[in-house]
Structures are given as C-alpha cells and as structure tokens.
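Have a look at the structure below, then the notes.
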Amino acid sequence: EIMPKLSEFIAENSGKVLVVAGDSTTSVSPAIHKGSLSLILSLGKIASQVSAESEEFGEDDMKTLVFAKRLCTEELAPRLKGLLNDLILQIEALSAYDVDIYRTPLGSLCRQQAATKSTDEEKSGKGRRTEDEEWELQLKKELAKKKQSESGAENILSPEDKKLIAEQDKERGRITSLIETFHRVMSAVDSLTQSDIEVGNASLPILSEGILTLAVSRCPAIQSIPGLKEKSFKTL
C-alpha cells in the first residue's frame, strides 16, 4: 500500500536533516524541508473537507478526502511520534560537557570543567542554582574563556590537544545536526496539528506526550541551548 511509504517520505523530509537509504545518507535541504511542511498543511486542509456535506463531493472525491485524513492521522502522526521518541533519547543523552563543546567556536579546545557539586547535593536539591544564577555562571565561563584566548594561553597546543580539537569539531557537527533536527521535527508537528482542527485533535493524543517530555526536561541541552525549551512550549 502506498500510504505507509508516502507517510514515511513526508515525515523524513519534514523532520530530518539526514535521510538514510540503504548504504547511503542524503541531506535534506531547507527547500525540501519547507516544501514538505507545506505539503502537510495542504493535506490537512484537504482532510478537513471530510466533515463537509457529503453531497458536495462525488464518490471519487470523497475517497481522496478520506485518504488525506487517514494519511495525516493514522500514518503521519505516528511517524512523527517515532521521530520525537528518537529525538528525546538523543537530546537527553547530551551531557553538560557535550553542550559546552557545542557552544564553543569551531576549531577551539573545550576543556572539561571539574564538578563543583557532590552527588548528594544534586539528589537533595541543596545548592541548586536558579536560572539567573545559571546564566551568570555561564557568562563568567564565557568571559574567562575569552580572556584566556586573548592572552594567547590557548595558542600553545600539544599534539594531543590538536587531536582533541578535531574530535570536538566532529562532535560539534553532530550536535548541530541534532539541534537542527529538533527544530525540524517541531515544525513538522506544528504543521500537522495546525493544518486542521480535527486533524489536530486526532493527532495531539499521539504527539503530546513526546512534546511535553521535551518541554519539562531538565537535561542540560534543553536547559542551556537557546531556543529548545521555548520551541517545545510553543509547540505544546
């Protein structure tokens, strides 16, 4: 049947940066991504006509309308849920150090910071910082890194440091792709749920758990990388 293959094609091109086909990997351009979002919106608008008076449409027309509605609610929504579940695992797997690597410039060395709080303090909540304190701490870290860079201290790199920079640059690329995937999946969910009120109502029970999980997540990526928490709450 064409419907599963079509829904997979739409979900991957609207919600992914890279699509794996066999042994090859193909990047999804911004133009294809936006075109896929437009297709989702159009399918939802077509599906909305199912609730119209049946005498307005012939039998073949009604088959098209029902196909569009089933494609959106029975196939596309579960596909996007699968993308959301994969996204949650990857986003929450990012450590604070991973986030630090991502936020430092390409070609620079990010040194891991020593832990300042004990596990017991973390568990009990003692010493937990507010958002303003977290922002102030991050600002101090960035200023310290800038000062160290300007002093020339980071220009003297050992072969091990240079190797580590190459590894970190590769990691920055991976995380950058993951963050872009986050925004694409959220945009695809937005397009589906906003395309038609009935399509949205049928899709929300399928998608809401994943969106809520990201919105309330306390993982370093959601808490520290600009735009992720805001995008989650906006989509929710």
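Residue names in the structure tokens use chain letters A, B, ... in the order shown, residue numbers from 1 in each chain, and ligand numbers from 1 in the order shown.
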
Which of segment 15-76 of chain A DSSP labels alpha helix (DSSP H), written as a ChimeraX atom specification: /A:15,30-47,59-70

Skipping near chain neighbours, those fewer than 3 positions away, what residues fall within 7 Å of segment 199-208 of chain A using only C-alpha atoms, listed as a PyMOL selection string? chain A and resi 44+72-73+77-78+81+192-194+196+211-212+236

Write out as a PyMOL selection string each polymer residue whose atoms come within 12 Å of Leu80 of chain A, counting only C-alpha atoms; drop sequence neighbours fewer than 4 positions from it. chain A and resi 7-16+40+72-76+84-87+181-182+184-193+203-204+206-208+210-211

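Between atom CA of Ala221 of chain A and atom CA of Ile88 of chain A the separation is 10.7 Å.
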
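Across the model, the gap from atom CA of Lys34 of chain A to atom CA of Val17 of chain A is 12.0 Å.
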
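For the atom pair formed by atom CA of Gln138 of chain A and atom CA of Pro159 of chain A, the distance is 28.5 Å, given to one decimal.
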
Counting only C-alpha atoms, the residue of A:Leu65, A:Glu209, A:Asp98, A:Leu109 that sits nearest Glu160 of chain A: A:Leu109
